[in-house]
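Asker: The following block contains the structure, expressed as structure tokens.
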Amino acid sequence: MRKTLTTVVLLICTIIGAQEKKNASQLDFSYFGGNIALHNNDILHLIKGHPEGFIFSWNKKTFGNDAWEQRYNYPDYGFSFIYQDLKNELLGENYGLYAHYNFYFFKRNVMLRMAQGLALNTNPYDKIENPKNIAFGSHILSATYLMLNYKKENIIDRFGLQAGLTLTHYSNANVKAPNTSINTLAFNIGLNYNLDEQIEYIDDLEDGKFTEPIKYNIAFRSGINQSDIIGSGQYPFYIVSAYADKRLSHVSAVQLGVDVFFSNFLKELIYYQSVSFPEEDVSGDEDYKRVGLFAGHELFINKMSLETQLGYYVYYPFDFEGRVYMRIGLKRYFGKKLFGAVTLKSHGAKAEAVEFGIGVRL
């Protein structure tokens, strides 16, 4: 850990020393340490110590050149790298790369960072070598972190301080079992360094009332996943969605629609339960398809948007994790009509799948 920290500090100094041109960007580096949250009693044997690590980030500042920057109080966007030692040789270490947004409140003294990316775990589950690691079933994990910090810039020259709370989440979203996931709540403290001189914020936004007729969307999502039965196999799934949305403002829209799920892993699970657990009264002939109705919300941030949906299965021939489901994820618009999306579908805190989707807004 000490050698890794030394390497990163030297890297920061090299970048700062090489910086000659003015850039509206910033570097920050934070150390964090905390505790693994007990969200599932099955991971009790994996909580051994206090995880620690560091976060190294590059942030591109905005100053109001585009309308969305002023609407969101001049946020930053950028990339983060996280190293985390989970303090248990069964869990190994995680190395994560993220894209993030920083949002500011209370005269820009409070920063909320929202980040999503991928992480590499060094010691996932293996039925021979590491059977006790039920948290991570694969090397590649879906990774999320939230950071809420008090942040002060330019305290000494261009150096500033930041400190607060960080929540990290690692899961492979049932791409491969097992997958109980790990959440860490930590305290962080760090430095920030502005690579440019202060620039004046532009404040000339004249937002009038925004109206738009109801739009109709068609989306197709797919991926692979697995049931909680270890070794049951990974199978592709397909989801067709149709929904209407209504823009309420420049930044917000509501949705109402229907999903049709073709989840092939359920075929294997239905067969498995029919032959292994006769007391559960599963015949093996149940339909693996499901149909759900959902309501949702979309928050627009430039060409990106954050989508959240809450659904209920109206066609539900086989009981799997309950009738209520949720979806949260990011969309990227390409022009006025086409979009791509990466979303997480779950039942409560239990993930079912990471969905990769494309769609059209008519």
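So you can find residues: chains in the structure tokens are A, B, ... in the order shown, residues in each start at 1, and ligands are numbered from 1 in order.
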Determine, counting only C-alpha atoms, which protein, DNA and RNA residues have an atom within 7 Å of an atom of segment 350-355 of chain A; residues of the same chain fewer than 2 positions away are not included. Present the result as JSON, numbers by chain.
Answerer: {"A": [173, 174, 175, 221, 222, 223, 225, 342, 343, 344, 345, 346, 347, 348, 357]}
Asker: Write out the residues from the selection above, keeping N, CA and C atoms, as a compact mmCIF listing (two decimals), in the first residue's frame.
Answerer:
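Result went into selection05.txt, see below:
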```txt
# COMPACT_ATOMS: atom_id res chain seq x y z
N ALA A 173 -23.40 -8.17 -10.93
CA ALA A 173 -24.80 -8.11 -11.36
C ALA A 173 -25.28 -9.45 -11.91
N ASN A 174 -24.87 -10.52 -11.25
CA ASN A 174 -25.31 -11.87 -11.61
C ASN A 174 -24.90 -12.30 -13.02
N VAL A 175 -23.86 -11.66 -13.55
CA VAL A 175 -23.29 -12.19 -14.79
C VAL A 175 -22.76 -13.60 -14.54
N ARG A 221 -32.85 -4.48 -25.19
CA ARG A 221 -31.76 -4.68 -24.25
C ARG A 221 -31.35 -6.15 -24.23
N SER A 222 -30.06 -6.38 -23.95
CA SER A 222 -29.58 -7.76 -23.90
C SER A 222 -28.35 -7.85 -23.03
N GLY A 223 -27.88 -9.08 -22.82
CA GLY A 223 -26.71 -9.36 -22.01
C GLY A 223 -26.70 -10.83 -21.65
N ASN A 225 -26.57 -13.52 -18.07
CA ASN A 225 -26.62 -13.62 -16.61
C ASN A 225 -26.81 -15.07 -16.20
N VAL A 342 -26.89 1.72 -20.68
CA VAL A 342 -26.39 0.66 -19.82
C VAL A 342 -27.16 0.78 -18.50
N THR A 343 -27.92 -0.26 -18.17
CA THR A 343 -28.79 -0.19 -16.99
C THR A 343 -28.62 -1.43 -16.12
N LEU A 344 -28.97 -1.29 -14.86
CA LEU A 344 -28.96 -2.39 -13.91
C LEU A 344 -30.40 -2.70 -13.52
N LYS A 345 -30.80 -3.94 -13.70
CA LYS A 345 -32.14 -4.37 -13.27
C LYS A 345 -32.00 -5.17 -12.00
N SER A 346 -32.87 -4.89 -11.01
CA SER A 346 -32.77 -5.58 -9.73
C SER A 346 -34.15 -5.78 -9.13
N HIS A 347 -34.18 -6.64 -8.11
CA HIS A 347 -35.36 -6.81 -7.27
C HIS A 347 -34.93 -6.40 -5.87
N GLY A 348 -35.28 -5.19 -5.48
CA GLY A 348 -34.76 -4.65 -4.23
C GLY A 348 -33.26 -4.48 -4.33
N GLY A 357 -28.35 -1.67 -23.98
CA GLY A 357 -29.51 -1.43 -24.82
C GLY A 357 -29.29 -0.37 -25.89
```
Asker: What's around Lys151 of chain A at 12 Å? Count only C-alpha atoms, leave out sequence neighbours fewer than 6 positions away in its own chain, and write the answer as a count of residues only.
Answerer: 27
Asker: For Asn35 of chain A, please output as a list of chain:residue names all residues within 10 Å (counting only C-alpha atoms; exclusion window: fewer than 5 positions along the same chain).
Answerer: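 Near Asn35 of chain A, the qualifying residues are A:Ile47, A:Lys48, A:Gly49, A:His50, A:Pro51, A:Glu52, A:Leu86, A:Leu167, A:Asn183, A:Thr184, A:Leu185, A:Ala186, A:Phe187.
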Asker: Could you write out the selected residues, including C-alpha atoms, as a compact mmCIF listing (two decimals), in the first residue's frame?
Answerer:
```
# COMPACT_ATOMS: atom_id res chain seq x y z
CA ILE A 47 -15.54 -8.98 7.05
CA LYS A 48 -12.11 -9.15 8.68
CA GLY A 49 -10.70 -5.64 8.85
CA HIS A 50 -11.09 -2.04 7.75
CA PRO A 51 -10.73 -1.62 3.97
CA GLU A 52 -8.56 1.25 2.75
CA LEU A 86 -10.49 -5.17 1.19
CA LEU A 167 -19.47 4.75 -0.54
CA ASN A 183 -20.32 -2.18 -0.07
CA THR A 184 -17.79 -0.07 1.82
CA LEU A 185 -18.64 3.10 3.75
CA ALA A 186 -15.47 5.11 4.33
CA PHE A 187 -14.06 8.46 5.42
```
Asker: Pick the closest to Phe32 of chain A from A:Gly78, A:Thr308, A:Glu69, A:Thr168: which is it, counting only C-alpha atoms?
Answerer: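 So, comparing all the options, the nearest one is A:Thr168.
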Asker: Check segment 134-242 of chain A with DSSP on the backbone and list each residue it calls strand (DSSP E), as a VMD selection string.
Answerer: chain A and resid 140 to 156 159 to 171 182 to 194 215 to 225 235 to 242
Asker: Can you work out the spacing between atom CA of Ala37 of chain A and atom CA of Met147 of chain A in Å, to one decimal?
Answerer: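 Calculated distance between atom CA of Ala37 of chain A and atom CA of Met147 of chain A is 16.0 Å.
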Asker: One number please: atom CA of Pro278 of chain A to atom CA of Pro178 of chain A, in Å, one decimal.
Answerer: 23.9 Å
Asker: For Thr211 of chain A, which of A:Tyr77, A:Glu298, A:Thr180, A:His250 is the closest residue, counting only C-alpha atoms?
Answerer: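 Once distances to Thr211 of chain A are computed over only C-alpha atoms, the minimum belongs to A:His250.
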Asker: Choose the residue, out of A:Val258, A:Ile239, A:Ile229, A:Ile43, that has the smallest atom-to-atom separation from Ile358 of chain A; count only C-alpha atoms.
Answerer: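 Selected residue with least distance to Ile358 of chain A: A:Ile239.
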Asker: Which residue is closest to Asp76 of chain A? Choose from A:Gly233, A:Gly33, A:Gly64, A:Gly292 and count only C-alpha atoms.
Answerer: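 Among A:Gly233, A:Gly33, A:Gly64, A:Gly292, it is A:Gly64 that comes nearest to Asp76 of chain A.
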Asker: Fewer than 4 positions away in the same chain doesn't count, so skip those; otherwise give me all residues within 6 Å of segment 130-142 of chain A, counting only C-alpha atoms, as a VMD selection string.
Answerer: chain A and resid 90 118 to 121 124 to 126 170 to 172 176 to 181
Asker: Residues of the last selection are to be written out with all heavy atoms, as a CSV table (one decimal), in the first residue's frame.
Answerer:
```csv
chain,number,residue,atom,x,y,z
A,90,LEU,N,-9.2,-13.5,1.1
A,90,LEU,CA,-10.3,-14.2,0.3
A,90,LEU,C,-10.9,-13.2,-0.7
A,90,LEU,O,-11.3,-13.7,-1.8
A,90,LEU,CB,-11.4,-14.7,1.3
A,90,LEU,CG,-10.9,-15.8,2.3
A,90,LEU,CD1,-12.1,-16.1,3.2
A,90,LEU,CD2,-10.4,-17.0,1.6
A,118,LEU,N,-15.9,0.1,-14.2
A,118,LEU,CA,-15.6,-1.3,-14.1
A,118,LEU,C,-14.4,-1.5,-13.1
A,118,LEU,O,-13.5,-0.6,-13.1
A,118,LEU,CB,-15.3,-1.9,-15.4
A,118,LEU,CG,-16.4,-2.0,-16.4
A,118,LEU,CD1,-15.8,-2.4,-17.8
A,118,LEU,CD2,-17.5,-2.9,-16.0
A,119,ALA,N,-14.4,-2.6,-12.4
A,119,ALA,CA,-13.3,-2.9,-11.5
A,119,ALA,C,-12.7,-4.3,-11.8
A,119,ALA,O,-13.5,-5.2,-12.2
A,119,ALA,CB,-13.7,-2.8,-10.1
A,120,LEU,N,-11.5,-4.5,-11.5
A,120,LEU,CA,-10.8,-5.8,-11.6
A,120,LEU,C,-10.5,-6.3,-10.2
A,120,LEU,O,-9.9,-5.6,-9.4
A,120,LEU,CB,-9.5,-5.6,-12.4
A,120,LEU,CG,-8.6,-6.9,-12.4
A,120,LEU,CD1,-9.3,-8.0,-13.3
A,120,LEU,CD2,-7.2,-6.6,-13.0
A,121,ASN,N,-11.1,-7.5,-9.9
A,121,ASN,CA,-10.8,-8.1,-8.6
A,121,ASN,C,-9.7,-9.2,-8.8
A,121,ASN,O,-9.7,-9.9,-9.7
A,121,ASN,CB,-12.1,-8.8,-8.0
A,121,ASN,CG,-11.8,-9.5,-6.7
A,121,ASN,OD1,-11.7,-10.7,-6.7
A,121,ASN,ND2,-11.7,-8.7,-5.7
A,124,PRO,N,-11.3,-13.7,-7.2
A,124,PRO,CA,-12.7,-14.0,-7.2
A,124,PRO,C,-13.0,-15.5,-6.7
A,124,PRO,O,-12.0,-16.2,-6.5
A,124,PRO,CB,-13.2,-13.8,-8.6
A,124,PRO,CG,-12.0,-14.1,-9.4
A,124,PRO,CD,-10.8,-13.6,-8.6
A,125,TYR,N,-14.2,-15.8,-6.7
A,125,TYR,CA,-14.6,-17.2,-6.3
A,125,TYR,C,-14.0,-18.2,-7.3
A,125,TYR,O,-13.9,-18.0,-8.5
A,125,TYR,CB,-16.1,-17.3,-6.4
A,125,TYR,CG,-16.6,-18.8,-6.2
A,125,TYR,CD1,-16.9,-19.3,-5.0
A,125,TYR,CD2,-16.9,-19.5,-7.4
A,125,TYR,CE1,-17.3,-20.6,-4.8
A,125,TYR,CE2,-17.3,-20.8,-7.2
A,125,TYR,CZ,-17.6,-21.4,-6.0
A,125,TYR,OH,-18.0,-22.7,-5.9
A,126,ASP,N,-13.5,-19.3,-6.7
A,126,ASP,CA,-13.1,-20.5,-7.4
A,126,ASP,C,-13.4,-21.7,-6.6
A,126,ASP,O,-13.1,-21.7,-5.4
A,126,ASP,CB,-11.6,-20.4,-7.7
A,126,ASP,CG,-11.1,-21.6,-8.5
A,126,ASP,OD1,-11.1,-21.5,-9.8
A,126,ASP,OD2,-10.8,-22.7,-7.9
A,170,TYR,N,-19.3,-2.9,-5.3
A,170,TYR,CA,-18.8,-3.8,-6.3
A,170,TYR,C,-19.7,-5.0,-6.4
A,170,TYR,O,-20.1,-5.6,-5.4
A,170,TYR,CB,-17.4,-4.3,-5.9
A,170,TYR,CG,-16.3,-3.2,-5.7
A,170,TYR,CD1,-16.0,-2.8,-4.4
A,170,TYR,CD2,-15.7,-2.6,-6.8
A,170,TYR,CE1,-15.0,-1.8,-4.3
A,170,TYR,CE2,-14.8,-1.6,-6.6
A,170,TYR,CZ,-14.4,-1.2,-5.4
A,170,TYR,OH,-13.5,-0.3,-5.2
A,171,SER,N,-20.0,-5.3,-7.7
A,171,SER,CA,-20.9,-6.4,-8.0
A,171,SER,C,-20.8,-6.8,-9.4
A,171,SER,O,-20.5,-6.0,-10.2
A,171,SER,CB,-22.4,-6.0,-7.7
A,171,SER,OG,-23.3,-7.0,-8.2
A,172,ASN,N,-21.0,-8.1,-9.7
A,172,ASN,CA,-21.0,-8.4,-11.2
A,172,ASN,C,-22.4,-8.6,-11.7
A,172,ASN,O,-22.6,-9.0,-12.8
A,172,ASN,CB,-20.1,-9.7,-11.5
A,172,ASN,CG,-20.8,-11.0,-10.9
A,172,ASN,OD1,-21.9,-11.0,-10.6
A,172,ASN,ND2,-20.0,-12.0,-10.9
A,176,LYS,N,-22.2,-13.8,-13.3
A,176,LYS,CA,-21.8,-15.1,-12.9
A,176,LYS,C,-21.9,-15.3,-11.4
A,176,LYS,O,-21.5,-14.4,-10.7
A,176,LYS,CB,-20.3,-15.3,-13.4
A,176,LYS,CG,-19.8,-16.7,-13.2
A,176,LYS,CD,-18.3,-16.8,-13.7
A,176,LYS,CE,-17.8,-18.3,-13.5
A,176,LYS,NZ,-16.4,-18.4,-14.0
A,177,ALA,N,-22.5,-16.4,-11.0
A,177,ALA,CA,-22.6,-16.7,-9.6
A,177,ALA,C,-21.3,-17.2,-9.0
A,177,ALA,O,-20.5,-17.8,-9.7
A,177,ALA,CB,-23.7,-17.7,-9.3
A,178,PRO,N,-21.1,-16.9,-7.7
A,178,PRO,CA,-21.9,-16.2,-6.7
A,178,PRO,C,-21.7,-14.7,-6.8
A,178,PRO,O,-20.8,-14.2,-7.5
A,178,PRO,CB,-21.4,-16.7,-5.4
A,178,PRO,CG,-19.9,-16.9,-5.6
A,178,PRO,CD,-19.8,-17.5,-7.0
A,179,ASN,N,-22.6,-13.9,-6.2
A,179,ASN,CA,-22.6,-12.5,-6.4
A,179,ASN,C,-23.4,-11.8,-5.2
A,179,ASN,O,-24.4,-11.2,-5.4
A,179,ASN,CB,-23.2,-12.1,-7.7
A,179,ASN,CG,-23.2,-10.6,-7.9
A,179,ASN,OD1,-22.2,-10.0,-7.7
A,179,ASN,ND2,-24.4,-10.0,-8.3
A,180,THR,N,-22.8,-11.9,-4.0
A,180,THR,CA,-23.5,-11.2,-2.9
A,180,THR,C,-23.1,-9.7,-2.8
A,180,THR,O,-23.7,-8.9,-2.2
A,180,THR,CB,-23.2,-11.9,-1.6
A,180,THR,OG1,-21.8,-12.0,-1.4
A,180,THR,CG2,-23.8,-13.3,-1.5
A,181,SER,N,-22.0,-9.4,-3.5
A,181,SER,CA,-21.4,-8.0,-3.6
A,181,SER,C,-20.9,-7.5,-2.3
A,181,SER,O,-21.1,-8.1,-1.2
A,181,SER,CB,-22.5,-7.0,-4.1
A,181,SER,OG,-23.5,-6.7,-3.1
```
Asker: For Arg332 of chain A, which of A:His39, A:Lys209, A:Lys303, A:Arg71 is the closest residue, counting only C-alpha atoms?
Answerer: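 Selected residue with least distance to Arg332 of chain A: A:Lys303.
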